[in-house]
file query-v2.txt (compact mmCIF, C-alpha atoms)
# COMPACT_ATOMS: atom_id res chain seq x y z
CA MET M 1 190.29 176.08 192.56
CA ALA M 2 191.30 176.77 196.17
CA GLU M 3 190.93 173.70 198.34
CA VAL M 4 189.55 175.80 201.21
CA LYS M 5 187.17 178.72 200.79
CA LEU M 6 185.47 180.81 203.42
CA LEU M 7 182.40 182.90 202.66
CA GLY M 8 182.07 185.84 205.02
CA LYS M 9 181.41 189.49 205.71
CA TRP M 10 184.16 191.51 207.38
CA PRO M 11 182.14 192.95 210.30
CA CYS M 12 180.80 189.54 211.31
CA PRO M 13 182.33 188.12 214.51
CA TYR M 14 181.18 184.60 213.59
CA VAL M 15 183.20 184.80 210.37
CA LEU M 16 186.19 186.01 212.38
CA ARG M 17 185.98 182.83 214.46
CA ALA M 18 186.49 180.70 211.38
CA ARG M 19 189.32 182.94 210.12
CA VAL M 20 191.20 182.87 213.43
CA ALA M 21 190.91 179.08 213.58
CA LEU M 22 192.27 178.76 210.03
CA GLN M 23 195.09 181.21 210.81
CA LEU M 24 196.03 179.31 213.99
CA LYS M 25 196.28 176.07 212.04
CA LYS M 26 198.15 177.84 209.25
CA VAL M 27 195.63 176.64 206.67
CA GLU M 28 195.72 178.44 203.33
CA TYR M 29 192.30 179.55 202.27
CA GLU M 30 190.53 181.80 199.84
CA TYR M 31 188.39 184.38 201.61
CA LEU M 32 185.32 185.42 199.65
CA GLU M 33 183.77 188.66 200.90
CA GLU M 34 180.00 188.67 200.58
CA GLU M 35 178.34 191.98 199.85
CA LEU M 36 176.90 193.60 202.95
CA GLY M 37 173.12 193.43 202.62
CA GLY M 38 173.25 190.75 199.93
CA LYS M 39 173.58 186.98 199.54
CA SER M 40 175.49 185.46 196.66
CA GLU M 41 174.41 182.42 194.64
CA LEU M 42 177.27 180.45 196.17
CA LEU M 43 176.11 181.31 199.69
CA LEU M 44 172.49 180.37 199.00
CA LYS M 45 173.61 177.11 197.40
CA SER M 46 176.08 176.25 200.18
CA ASN M 47 173.82 177.09 203.12
CA PRO M 48 170.28 176.56 201.86
CA VAL M 49 168.92 175.95 205.38
CA HIS M 50 170.05 179.17 207.10
CA LYS M 51 171.41 181.26 204.18
CA LYS M 52 174.00 182.76 206.53
CA ILE M 53 177.72 183.30 206.73
CA PRO M 54 180.21 181.96 207.63
CA VAL M 55 180.33 178.99 205.30
CA LEU M 56 183.50 176.94 204.99
CA ILE M 57 183.89 175.02 201.76
CA HIS M 58 186.58 172.33 201.90
CA ARG M 59 187.14 170.25 198.76
CA GLY M 60 183.74 171.39 197.54
CA ARG M 61 181.88 170.32 200.70
CA PRO M 62 180.23 173.17 202.61
CA LEU M 63 179.89 173.44 206.37
CA CYS M 64 177.96 176.10 208.27
CA GLU M 65 177.64 177.52 211.79
CA SER M 66 180.77 179.12 213.23
CA LEU M 67 181.35 176.82 216.21
CA ILE M 68 180.76 173.74 214.08
CA ILE M 69 183.27 175.14 211.57
CA VAL M 70 185.85 175.76 214.33
CA GLN M 71 185.49 172.17 215.58
CA TYR M 72 185.76 170.91 212.02
CA ILE M 73 188.98 172.89 211.47
CA ASP M 74 190.37 171.33 214.66
CA GLU M 75 189.46 167.82 213.52
CA ALA M 76 190.40 168.11 209.84
CA TRP M 77 193.81 169.72 210.42
CA LEU M 78 195.47 167.87 213.22
CA ALA M 79 198.62 170.00 213.42
CA ALA M 80 199.17 171.97 216.61
CA PRO M 81 197.67 173.86 218.25
CA SER M 82 194.68 171.75 219.30
CA LEU M 83 191.76 174.12 219.59
CA LEU M 84 189.79 171.94 222.00
CA PRO M 85 191.45 170.58 225.15
CA ALA M 86 192.53 166.96 225.46
CA SER M 87 190.22 165.73 228.20
CA ALA M 88 186.53 165.06 227.54
CA HIS M 89 185.60 166.91 230.72
CA ASP M 90 187.54 170.05 229.75
CA ARG M 91 186.06 169.89 226.27
CA ALA M 92 182.58 169.81 227.82
CA PHE M 93 183.50 172.89 229.86
CA HIS M 94 184.66 174.81 226.80
CA ARG M 95 181.53 173.83 224.89
CA PHE M 96 179.34 174.81 227.84
CA TRP M 97 180.81 178.31 228.12
CA ALA M 98 180.79 178.78 224.35
CA ALA M 99 177.08 177.93 224.32
CA TYR M 100 176.52 180.26 227.30
CA PHE M 101 178.19 183.11 225.43
CA ASP M 102 176.24 182.51 222.22
CA ASP M 103 172.85 181.81 223.82
CA LYS M 104 172.89 184.32 226.70
CA LEU M 105 175.57 187.00 226.39
CA SER M 106 175.66 187.66 222.68
CA PRO M 107 171.89 188.39 222.39
CA LEU M 108 172.23 190.55 225.50
CA LEU M 109 175.00 192.58 223.84
CA THR M 110 172.72 193.11 220.84
CA ARG M 111 169.94 194.36 223.13
CA LEU M 112 172.37 196.74 224.84
CA ARG M 113 173.56 198.09 221.48
CA ASN M 114 169.95 198.71 220.55
CA GLY M 115 169.52 200.91 223.61
CA GLU M 116 168.12 198.60 226.27
CA ARG M 117 169.30 199.54 229.75
CA GLY M 118 168.38 198.89 233.39
CA ARG M 119 168.09 195.14 234.03
CA ALA M 120 170.06 194.43 230.83
CA ASN M 121 173.08 196.27 232.30
CA GLU M 122 172.90 194.13 235.43
CA GLU M 123 172.59 190.93 233.45
CA ALA M 124 175.62 191.90 231.37
CA ALA M 125 177.69 192.64 234.45
CA GLU M 126 176.66 189.29 235.99
CA GLY M 127 177.49 187.47 232.75
CA VAL M 128 180.92 189.05 232.52
CA LYS M 129 181.58 188.13 236.15
CA LEU M 130 180.73 184.49 235.37
CA LEU M 131 183.13 184.58 232.41
CA GLU M 132 185.84 185.95 234.68
CA GLU M 133 185.35 182.98 237.04
CA ALA M 134 185.40 180.60 234.07
CA PHE M 135 188.60 182.22 232.82
CA VAL M 136 190.35 181.89 236.17
CA ARG M 137 189.29 178.25 236.42
CA LEU M 138 190.05 177.17 232.85
CA SER M 139 193.25 179.15 232.22
CA GLU M 140 194.92 177.77 235.37
CA GLY M 141 197.15 180.80 235.56
CA LYS M 142 198.03 180.78 231.86
CA GLY M 143 197.22 183.39 229.25
CA PHE M 144 194.14 181.97 227.55
CA PHE M 145 191.02 179.90 228.27
CA GLY M 146 192.84 177.26 226.23
CA GLY M 147 195.99 177.51 228.37
CA ASP M 148 199.22 178.62 226.71
CA GLU M 149 197.58 179.05 223.35
CA ILE M 150 194.30 180.33 221.93
CA GLY M 151 191.62 177.64 221.91
CA TYR M 152 187.95 177.09 221.10
CA LEU M 153 186.57 179.22 223.92
CA ASP M 154 189.07 182.03 223.34
CA ILE M 155 187.96 182.11 219.71
CA THR M 156 184.26 181.99 220.63
CA ILE M 157 184.41 185.01 222.93
CA GLY M 158 187.49 186.82 221.62
CA CYS M 159 186.13 187.29 218.13
CA HIS M 160 183.29 189.33 219.64
CA LEU M 161 185.68 191.78 221.36
CA GLY M 162 185.29 194.36 218.60
CA TRP M 163 181.51 194.36 219.02
CA ILE M 164 181.88 194.28 222.81
CA ARG M 165 183.89 197.49 222.49
CA VAL M 166 181.22 199.04 220.26
CA THR M 167 178.64 198.13 222.91
CA GLU M 168 180.78 199.67 225.64
CA ARG M 169 181.06 202.94 223.70
CA LEU M 170 177.32 203.10 223.09
CA MET M 171 176.61 202.35 226.75
CA GLY M 172 179.31 204.74 228.01
CA PHE M 173 180.24 201.91 230.32
CA LYS M 174 183.07 199.35 230.30
CA LEU M 175 181.97 195.73 230.49
CA ILE M 176 185.50 194.32 230.57
CA GLU M 177 187.12 196.59 233.13
CA GLU M 178 190.48 195.81 234.69
CA ALA M 179 189.34 196.76 238.20
CA LYS M 180 186.35 194.40 238.09
CA VAL M 181 187.50 191.54 235.84
CA PRO M 182 191.31 191.65 235.74
CA GLY M 183 191.65 188.16 234.27
CA LEU M 184 189.39 188.92 231.30
CA ALA M 185 190.90 192.38 230.82
CA GLY M 186 194.40 190.92 230.45
CA TRP M 187 193.09 188.10 228.28
CA ALA M 188 191.31 190.53 225.93
CA GLU M 189 194.55 192.42 225.27
CA ARG M 190 196.51 189.23 224.69
CA PHE M 191 193.83 187.88 222.34
CA CYS M 192 193.71 191.01 220.19
CA ALA M 193 197.51 191.18 220.04
CA HIS M 194 197.88 187.54 218.96
CA GLU M 195 199.41 187.07 215.52
CA ALA M 196 196.48 184.92 214.37
CA VAL M 197 194.04 187.72 215.25
CA GLN M 198 195.89 190.94 214.47
CA GLY M 199 195.40 192.07 210.93
CA ILE M 200 192.07 190.29 210.50
CA MET M 201 190.15 191.66 213.49
CA PRO M 202 188.18 194.67 212.24
CA GLU M 203 188.91 198.02 213.91
CA THR M 204 186.35 199.13 216.45
CA GLU M 205 185.97 202.47 214.63
CA LYS M 206 184.92 200.73 211.43
CA LEU M 207 182.46 198.49 213.31
CA MET M 208 181.02 201.61 214.95
CA GLU M 209 180.53 203.20 211.52
CA ILE M 210 178.80 200.12 210.14
CA PHE M 211 176.55 199.95 213.19
CA GLN M 212 175.54 203.59 212.93
CA LEU M 213 174.86 203.24 209.20
CA ALA M 214 172.69 200.21 209.89
CA GLN M 215 170.74 202.13 212.56
CA ILE M 216 170.09 205.00 210.15
CA HIS M 217 169.01 202.56 207.48
CA MET M 218 166.66 200.82 209.92
CA LYS M 219 165.07 204.11 211.04
CA ARG M 220 164.54 205.17 207.41
CA SER M 221 162.92 201.90 206.44
CA LYS M 222 160.50 202.23 209.39
CA ARG M 223 159.12 205.56 208.20
CA MET R 224 191.13 146.47 238.95
CA ALA R 225 189.78 149.90 238.03
CA GLU R 226 187.67 151.67 240.58
CA ALA R 227 183.96 151.28 239.83
CA GLU R 228 182.72 154.20 237.75
CA GLN R 229 179.94 156.28 239.17
CA VAL R 230 177.55 157.51 236.52
CA LYS R 231 174.36 159.32 237.47
CA VAL R 232 171.83 161.21 235.41
CA LEU R 233 169.81 163.96 237.05
CA ARG R 234 166.65 163.63 235.05
CA PHE R 235 162.92 164.10 234.74
CA TRP R 236 161.01 161.06 233.43
CA ALA R 237 158.91 163.11 230.96
CA SER R 238 161.77 165.16 229.53
CA PRO R 239 162.96 164.50 225.96
CA TRP R 240 166.31 166.09 226.90
CA SER R 241 167.12 163.65 229.70
CA PHE R 242 165.82 160.82 227.47
CA ARG R 243 168.61 161.69 225.02
CA VAL R 244 171.26 161.18 227.68
CA GLU R 245 169.79 157.91 228.94
CA LEU R 246 169.48 156.55 225.41
CA ALA R 247 173.12 157.37 224.64
CA LEU R 248 174.30 155.66 227.83
CA LYS R 249 172.11 152.64 227.05
CA LEU R 250 173.44 152.42 223.47
CA LYS R 251 176.94 152.34 224.87
CA GLY R 252 176.11 149.84 227.59
CA VAL R 253 177.14 152.23 230.40
CA PRO R 254 175.55 151.33 233.73
CA HIS R 255 174.07 154.40 235.36
CA GLU R 256 171.79 155.56 238.14
CA LYS R 257 168.75 157.65 237.30
CA VAL R 258 168.09 160.38 239.84
CA GLU R 259 164.55 161.67 239.43
CA GLU R 260 164.17 165.41 240.00
CA ASP R 261 161.06 167.18 241.18
CA LEU R 262 161.25 170.22 238.91
CA ALA R 263 159.04 172.25 241.23
CA ASN R 264 161.48 171.55 244.02
CA LYS R 265 164.94 171.10 242.57
CA SER R 266 167.44 169.17 244.65
CA PRO R 267 170.56 170.74 246.17
CA LEU R 268 172.56 168.32 244.02
CA LEU R 269 170.99 169.66 240.81
CA LEU R 270 171.42 173.29 241.87
CA ALA R 271 175.06 172.64 242.76
CA SER R 272 175.73 170.64 239.58
CA ASN R 273 174.20 173.16 237.19
CA PRO R 274 174.27 176.48 239.03
CA ILE R 275 174.09 178.60 235.86
CA HIS R 276 170.99 177.10 234.25
CA LYS R 277 169.58 174.97 237.10
CA LYS R 278 168.18 172.52 234.55
CA ILE R 279 168.11 168.81 233.87
CA PRO R 280 169.65 166.76 232.42
CA VAL R 281 172.99 166.76 234.20
CA LEU R 282 175.41 163.87 233.84
CA LEU R 283 177.51 163.18 236.91
CA HIS R 284 180.57 161.10 236.10
CA ASN R 285 182.68 160.26 239.12
CA GLY R 286 181.40 163.42 240.74
CA LYS R 287 182.08 165.71 237.75
CA ALA R 288 178.97 167.47 236.45
CA ILE R 289 178.22 167.97 232.76
CA PRO R 290 175.03 169.88 231.85
CA GLU R 291 173.25 170.55 228.51
CA SER R 292 172.06 167.51 226.57
CA LEU R 293 174.06 167.97 223.34
CA ILE R 294 177.23 168.68 225.30
CA ILE R 295 176.56 165.58 227.41
CA LEU R 296 176.10 163.47 224.24
CA GLU R 297 179.52 164.53 222.92
CA TYR R 298 181.05 163.85 226.35
CA ILE R 299 179.50 160.37 226.42
CA ASP R 300 180.80 159.61 222.92
CA GLU R 301 184.32 160.75 223.80
CA THR R 302 184.42 158.91 227.14
CA TRP R 303 182.86 155.55 226.21
CA THR R 304 184.08 154.75 222.74
CA ASP R 305 182.11 151.54 221.96
CA ASN R 306 179.18 151.99 219.56
CA PRO R 307 180.06 155.52 218.47
CA ILE R 308 177.16 157.94 218.04
CA LEU R 309 179.16 160.50 216.06
CA PRO R 310 180.68 159.60 212.69
CA LYS R 311 184.48 159.36 212.32
CA ALA R 312 185.11 161.66 209.36
CA PRO R 313 185.33 165.37 210.23
CA HIS R 314 182.83 166.56 207.62
CA GLU R 315 180.24 163.97 208.63
CA ARG R 316 180.79 164.91 212.28
CA GLY R 317 180.25 168.54 211.38
CA MET R 318 177.02 167.69 209.57
CA ALA R 319 175.76 165.59 212.51
CA ARG R 320 176.39 168.54 214.82
CA PHE R 321 174.70 170.88 212.32
CA TRP R 322 171.50 168.81 212.18
CA SER R 323 171.39 168.39 215.97
CA ARG R 324 171.65 172.15 216.43
CA PHE R 325 169.04 172.71 213.71
CA ILE R 326 166.66 170.45 215.62
CA ASP R 327 167.30 172.29 218.90
CA ASP R 328 167.49 175.86 217.60
CA LYS R 329 164.69 175.84 215.03
CA CYS R 330 162.53 172.71 214.89
CA VAL R 331 161.59 171.93 218.47
CA GLY R 332 160.69 175.53 219.33
CA ALA R 333 158.51 175.94 216.25
CA CYS R 334 156.68 172.66 216.97
CA TRP R 335 156.21 173.58 220.65
CA MET R 336 154.86 177.07 219.91
CA SER R 337 152.53 175.65 217.24
CA CYS R 338 150.82 173.70 220.00
CA TRP R 339 150.22 176.57 222.40
CA THR R 340 149.42 179.63 220.29
CA GLU R 341 146.30 180.65 218.42
CA GLY R 342 145.11 182.34 215.27
CA GLU R 343 147.66 183.98 212.98
CA THR R 344 150.52 183.41 215.44
CA GLN R 345 149.75 179.71 215.44
CA GLN R 346 149.59 179.64 211.64
CA MET R 347 153.00 181.30 211.49
CA PHE R 348 154.55 178.77 213.89
CA MET R 349 152.90 175.86 212.11
CA GLU R 350 154.36 177.01 208.79
CA GLN R 351 157.79 177.28 210.40
CA ALA R 352 157.40 173.84 211.98
CA ARG R 353 156.32 172.27 208.71
CA ALA R 354 159.26 173.88 206.89
CA CYS R 355 161.64 172.40 209.49
CA LEU R 356 160.06 168.96 209.30
CA ARG R 357 160.25 169.08 205.50
CA ILE R 358 163.97 169.89 205.68
CA LEU R 359 164.55 167.00 208.09
CA ASP R 360 162.42 164.67 205.97
CA ASP R 361 164.51 165.55 202.88
CA GLU R 362 167.77 165.18 204.79
CA LEU R 363 166.78 161.71 206.04
CA GLY R 364 165.70 160.54 202.60
CA GLY R 365 165.51 156.77 202.26
CA ARG R 366 167.95 156.04 205.09
CA ARG R 367 166.91 153.90 208.02
CA PHE R 368 168.38 156.33 210.54
CA PHE R 369 169.98 159.77 210.28
CA GLY R 370 173.11 157.95 211.46
CA GLY R 371 172.87 155.46 208.58
CA GLU R 372 172.42 151.86 209.65
CA SER R 373 172.55 152.61 213.36
CA ILE R 374 171.20 155.25 215.72
CA GLY R 375 173.48 158.26 215.88
CA LEU R 376 173.68 161.76 217.32
CA VAL R 377 171.02 163.20 215.03
CA ASP R 378 168.58 160.33 215.72
CA ILE R 379 169.06 160.83 219.45
CA SER R 380 168.58 164.60 219.05
CA ALA R 381 165.44 163.99 216.96
CA SER R 382 163.81 161.75 219.56
CA PHE R 383 161.46 164.62 220.45
CA PHE R 384 159.66 163.94 217.15
CA ALA R 385 159.47 160.21 217.79
CA LEU R 386 157.21 160.46 220.80
CA TRP R 387 156.77 163.91 222.31
CA LEU R 388 155.54 165.70 219.19
CA GLY R 389 152.77 163.14 218.64
CA VAL R 390 151.66 163.49 222.27
CA LEU R 391 151.77 167.30 222.21
CA GLN R 392 149.82 167.62 218.98
CA GLU R 393 147.15 165.32 220.44
CA VAL R 394 146.91 167.47 223.59
CA ALA R 395 146.83 170.67 221.54
CA GLY R 396 144.42 169.28 218.94
CA ILE R 397 146.59 170.07 215.93
CA SER R 398 148.21 168.01 213.21
CA LEU R 399 151.84 168.61 212.34
CA ILE R 400 153.58 165.33 211.76
CA ASN R 401 151.78 163.10 209.27
CA GLY R 402 152.71 160.31 206.87
CA GLU R 403 151.53 162.11 203.78
CA GLU R 404 153.69 165.20 204.09
CA PHE R 405 156.64 163.60 205.89
CA PRO R 406 156.85 159.96 204.79
CA ASN R 407 160.54 159.54 205.59
CA LEU R 408 160.21 160.99 209.08
CA CYS R 409 157.18 158.85 209.86
CA ARG R 410 158.99 155.74 208.67
CA TRP R 411 161.97 156.77 210.83
CA ILE R 412 159.69 157.22 213.86
CA GLU R 413 158.32 153.69 213.46
CA GLY R 414 161.78 152.18 213.17
CA PHE R 415 163.19 154.29 216.01
CA VAL R 416 160.51 153.52 218.60
CA ALA R 417 160.54 149.84 217.65
CA SER R 418 164.26 149.41 218.31
CA ASP R 419 164.97 147.50 221.54
CA VAL R 420 167.23 150.05 223.16
CA VAL R 421 164.78 152.89 222.55
CA THR R 422 161.79 150.86 223.80
CA GLU R 423 163.60 150.23 227.06
CA CYS R 424 164.20 153.96 227.64
CA LEU R 425 161.07 155.68 226.31
CA PRO R 426 158.57 156.90 228.87
CA PRO R 427 155.09 155.33 228.53
CA ARG R 428 153.00 157.29 226.01
CA ASP R 429 149.82 157.22 228.11
CA LYS R 430 151.65 158.62 231.14
CA LEU R 431 153.20 161.34 228.99
CA LEU R 432 149.83 162.22 227.51
CA ALA R 433 148.28 162.42 230.97
CA VAL R 434 151.00 164.73 232.33
CA PHE R 435 150.77 167.13 229.38
CA GLN R 436 146.96 167.13 229.59
CA SER R 437 147.19 168.03 233.25
CA LYS R 438 149.75 170.79 232.62
CA LYS R 439 147.95 172.18 229.55
CA GLN R 440 146.53 175.29 231.22
CA ALA R 441 149.84 176.12 232.88
CA ILE R 442 151.71 175.73 229.57
CA LEU R 443 149.13 177.82 227.69
CA ALA R 444 149.72 180.64 230.17
CA THR R 445 153.51 180.71 229.95
CA LYS R 446 154.35 178.81 226.71
CA SER R 447 157.45 177.81 228.63
CA MET R 448 159.28 174.62 227.80
CA VAL R 449 161.58 175.04 230.76
CA TYR R 450 162.42 172.00 232.77
call {"tool": "encode", "arguments": {"input": "query-v2.txt", "output": "structure tokens"}}
result
Amino acid sequence: MAEVKLLGKWPCPYVLRARVALQLKKVEYEYLEEELGGKSELLLKSNPVHKKIPVLIHRGRPLCESLIIVQYIDEAWLAAPSLLPASAHDRAFHRFWAAYFDDKLSPLLTRLRNGERGRANEEAAEGVKLLEEAFVRLSEGKGFFGGDEIGYLDITIGCHLGWIRVTERLMGFKLIEEAKVPGLAGWAERFCAHEAVQGIMPETEKLMEIFQLAQIHMKRSKR
Amino acid sequence: MAEAEQVKVLRFWASPWSFRVELALKLKGVPHEKVEEDLANKSPLLLASNPIHKKIPVLLHNGKAIPESLIILEYIDETWTDNPILPKAPHERGMARFWSRFIDDKCVGACWMSCWTEGETQQMFMEQARACLRILDDELGGRRFFGGESIGLVDISASFFALWLGVLQEVAGISLINGEEFPNLCRWIEGFVASDVVTECLPPRDKLLAVFQSKKQAILATKSMVY
């Protein structure tokens, strides 16, 4: 039995977070693809409270919630790179911006994908501008929020880049545009090109297909 | 000799979120100054320290600002290492974080909305709230605290249930938390509020009741929990 298992679904950016963290730490794991639209017995047993992926199972003990899993990976496998920064203050900063992304920006991206415009566009532009400022401050001239290497905040935001691109296509509008947010634009390319991310990040085309299929399915079920 | 540390908490006396921060500092024996905020007229210091959310609590440590109560709790645990509030082992730490997030993301909101809605909507929220409380009750089991023998991150996160929920359900005229359905939680509440450190930090129940009674109409209109 594999010591480390990860239950996930390939389009899910939260699952990607766990995978990138495991790849960065060079942890061998068995990836178990859940059926889209279904929940396996193992998933329901391992995450009875939320019944959601990702779930990391290490030596038979499950852990849920992507950011909690990423912190766990950092604490259970102490080999470099450290995913969270060394100082308590910097750690608080990373956690703050990760929470900001999950609580404010990610739901906003969903609303934009579902067709909301107007004020939502403005909020998104403001949010991206704040992230640009955070990037400039936290990266201190280096390539990632985490410095020289991908860290917790890079993983939090970076794993959503595929879906950010889907949103941009649907909006006909670039959220991460070099002219407006040069720091983030450069960071996004570096993140996607990183060896821990390449090969596991789903292609934007495939995410677009999945999204469109889901929209059709939703419209049919409303009739 | 090390320079004296400056620790301030921007807080609101009736807030369960700033209570969390003060309790953690008290548990660790960290001297700190409480800076009371008028939430209808937020100070320049608060607005400068938490420009994104403009909310309390904010911890100011030697001038550095840390907002968001759960983030502050982790910061406190990492900075002052006596009397740890998070467990040592990675899996236990992960579970403590999981339950704290469960409390914040699911439980508190369901309990709050149960108080201020009506009819079928209220029934729906009350069912959600009960389901959450049942999950917490099961998770606690026969343990004295969620943290085991001593107060930990999850206990601190759950402090809303120890005082605020009882007050809110009285103001709203509903019954959510009760000894029959949630015996473990009710036992935990008794033990939690009776502990010395907690008693020193908790706001007076009658004052809390009075403030929520007076704000009832305003809350009913907006349902907002925003501090």
call {"tool": "residues_around", "arguments": {"input": "query-v2.txt", "residues": "segment 146-157 of chain M", "least_positions_apart": "4", "cutoff": "7 Å", "atoms": "all atoms listed in the file", "output": "list in words"}}
result
Arg17, Leu83, Leu84, Pro85, His94, Ala98, Phe101, Ser139 and Lys142 of chain M
call {"tool": "residues_around", "arguments": {"input": "query-v2.txt", "residues": "Ile289 of chain R", "least_positions_apart": "4", "cutoff": "12 Å", "atoms": "all atoms listed in the file", "output": "PyMOL selection string"}}
result
(chain M and resi 88-97) or (chain R and resi 230-233+244+269+271-285+293-299)
call {"tool": "write_last_selection", "arguments": {"input": "query-v2.txt", "atoms": "C-alpha atoms", "output": "mmCIF file, in the coordinates of the input"}}
result
data_model
loop_
_atom_site.group_PDB
_atom_site.id
_atom_site.type_symbol
_atom_site.label_atom_id
_atom_site.label_comp_id
_atom_site.auth_asym_id
_atom_site.auth_seq_id
_atom_site.Cartn_x
_atom_site.Cartn_y
_atom_site.Cartn_z
ATOM 1 C CA ALA M 88 186.530 165.060 227.540
ATOM 2 C CA HIS M 89 185.600 166.910 230.720
ATOM 3 C CA ASP M 90 187.540 170.050 229.750
ATOM 4 C CA ARG M 91 186.060 169.890 226.270
ATOM 5 C CA ALA M 92 182.580 169.810 227.820
ATOM 6 C CA PHE M 93 183.500 172.890 229.860
ATOM 7 C CA HIS M 94 184.660 174.810 226.800
ATOM 8 C CA ARG M 95 181.530 173.830 224.890
ATOM 9 C CA PHE M 96 179.340 174.810 227.840
ATOM 10 C CA TRP M 97 180.810 178.310 228.120
ATOM 11 C CA VAL R 230 177.550 157.510 236.520
ATOM 12 C CA LYS R 231 174.360 159.320 237.470
ATOM 13 C CA VAL R 232 171.830 161.210 235.410
ATOM 14 C CA LEU R 233 169.810 163.960 237.050
ATOM 15 C CA VAL R 244 171.260 161.180 227.680
ATOM 16 C CA LEU R 269 170.990 169.660 240.810
ATOM 17 C CA ALA R 271 175.060 172.640 242.760
ATOM 18 C CA SER R 272 175.730 170.640 239.580
ATOM 19 C CA ASN R 273 174.200 173.160 237.190
ATOM 20 C CA PRO R 274 174.270 176.480 239.030
ATOM 21 C CA ILE R 275 174.090 178.600 235.860
ATOM 22 C CA HIS R 276 170.990 177.100 234.250
ATOM 23 C CA LYS R 277 169.580 174.970 237.100
ATOM 24 C CA LYS R 278 168.180 172.520 234.550
ATOM 25 C CA ILE R 279 168.110 168.810 233.870
ATOM 26 C CA PRO R 280 169.650 166.760 232.420
ATOM 27 C CA VAL R 281 172.990 166.760 234.200
ATOM 28 C CA LEU R 282 175.410 163.870 233.840
ATOM 29 C CA LEU R 283 177.510 163.180 236.910
ATOM 30 C CA HIS R 284 180.570 161.100 236.100
ATOM 31 C CA ASN R 285 182.680 160.260 239.120
ATOM 32 C CA LEU R 293 174.060 167.970 223.340
ATOM 33 C CA ILE R 294 177.230 168.680 225.300
ATOM 34 C CA ILE R 295 176.560 165.580 227.410
ATOM 35 C CA LEU R 296 176.100 163.470 224.240
ATOM 36 C CA GLU R 297 179.520 164.530 222.920
ATOM 37 C CA TYR R 298 181.050 163.850 226.350
ATOM 38 C CA ILE R 299 179.500 160.370 226.420
#
call {"tool": "atom_distance", "arguments": {"input": "query-v2.txt", "atom1": "atom CA of Ala21 of chain M", "atom2": "atom CA of Trp187 of chain M"}}
result
17.4 Å
call {"tool": "residues_around", "arguments": {"input": "query-v2.txt", "residues": "Ala333 of chain R", "least_positions_apart": "4", "cutoff": "9 Å", "atoms": "all atoms listed in the file", "output": "list in words"}}
result
Lys329, Ser337, Cys338, Phe348, Met349, Glu350, Gln351, Ala352, Arg353 and Cys355 of chain R
call {"tool": "interface_residues", "arguments": {"input": "query-v2.txt", "of": "chain R", "to": "chain M", "cutoff": "8 Å", "atoms": "all atoms listed in the file", "output": "list in words"}}
result
Lys287, Ile289, Pro290, Glu291, Ile294, Ile295, Glu297, Tyr298, Glu301, Thr302, Pro313, His314, Arg316, Gly317, Met318, Arg320, Phe321 and Ile358 of chain R
call {"tool": "write_last_selection", "arguments": {"input": "query-v2.txt", "atoms": "C-alpha atoms", "output": "PDB file, in the coordinates of the input"}}
result
ATOM      1  CA  LYS R 287     182.080 165.710 237.750  1.00  0.00           C
ATOM      2  CA  ILE R 289     178.220 167.970 232.760  1.00  0.00           C
ATOM      3  CA  PRO R 290     175.030 169.880 231.850  1.00  0.00           C
ATOM      4  CA  GLU R 291     173.250 170.550 228.510  1.00  0.00           C
ATOM      5  CA  ILE R 294     177.230 168.680 225.300  1.00  0.00           C
ATOM      6  CA  ILE R 295     176.560 165.580 227.410  1.00  0.00           C
ATOM      7  CA  GLU R 297     179.520 164.530 222.920  1.00  0.00           C
ATOM      8  CA  TYR R 298     181.050 163.850 226.350  1.00  0.00           C
ATOM      9  CA  GLU R 301     184.320 160.750 223.800  1.00  0.00           C
ATOM     10  CA  THR R 302     184.420 158.910 227.140  1.00  0.00           C
ATOM     11  CA  PRO R 313     185.330 165.370 210.230  1.00  0.00           C
ATOM     12  CA  HIS R 314     182.830 166.560 207.620  1.00  0.00           C
ATOM     13  CA  ARG R 316     180.790 164.910 212.280  1.00  0.00           C
ATOM     14  CA  GLY R 317     180.250 168.540 211.380  1.00  0.00           C
ATOM     15  CA  MET R 318     177.020 167.690 209.570  1.00  0.00           C
ATOM     16  CA  ARG R 320     176.390 168.540 214.820  1.00  0.00           C
ATOM     17  CA  PHE R 321     174.700 170.880 212.320  1.00  0.00           C
ATOM     18  CA  ILE R 358     163.970 169.890 205.680  1.00  0.00           C
TER      19      ILE R 358
END
call {"tool": "closest_residue", "arguments": {"input": "query-v2.txt", "among": "M:Ala185, M:Lys104, M:Ser66, M:Asn121", "to": "Phe135 of chain M", "atoms": "only C-alpha atoms"}}
result
M:Ala185
call {"tool": "residues_around", "arguments": {"input": "query-v2.txt", "residues": "Ser238 of chain R", "least_positions_apart": "2", "cutoff": "12 Å", "atoms": "only C-alpha atoms", "output": "count of residues only"}}
result
32
call {"tool": "atom_distance", "arguments": {"input": "query-v2.txt", "atom1": "atom CA of Arg367 of chain R", "atom2": "atom CA of Glu393 of chain R"}}
result
26.0 Å
call {"tool": "atom_distance", "arguments": {"input": "query-v2.txt", "atom1": "atom CA of Glu178 of chain M", "atom2": "atom CA of Lys206 of chain M"}}
result
24.4 Å
call {"tool": "residues_around", "arguments": {"input": "query-v2.txt", "residues": "segment 36-47 of chain M", "least_positions_apart": "3", "cutoff": "10 Å", "atoms": "all atoms listed in the file", "output": "ChimeraX atom specification"}}
result
/M:7-11,33,50-57,60-65,210,214
call {"tool": "closest_residue", "arguments": {"input": "query-v2.txt", "among": "M:His160, M:Ile216, M:Cys12, M:Ala2", "to": "Tyr31 of chain M", "atoms": "only C-alpha atoms"}}
result
M:Ala2
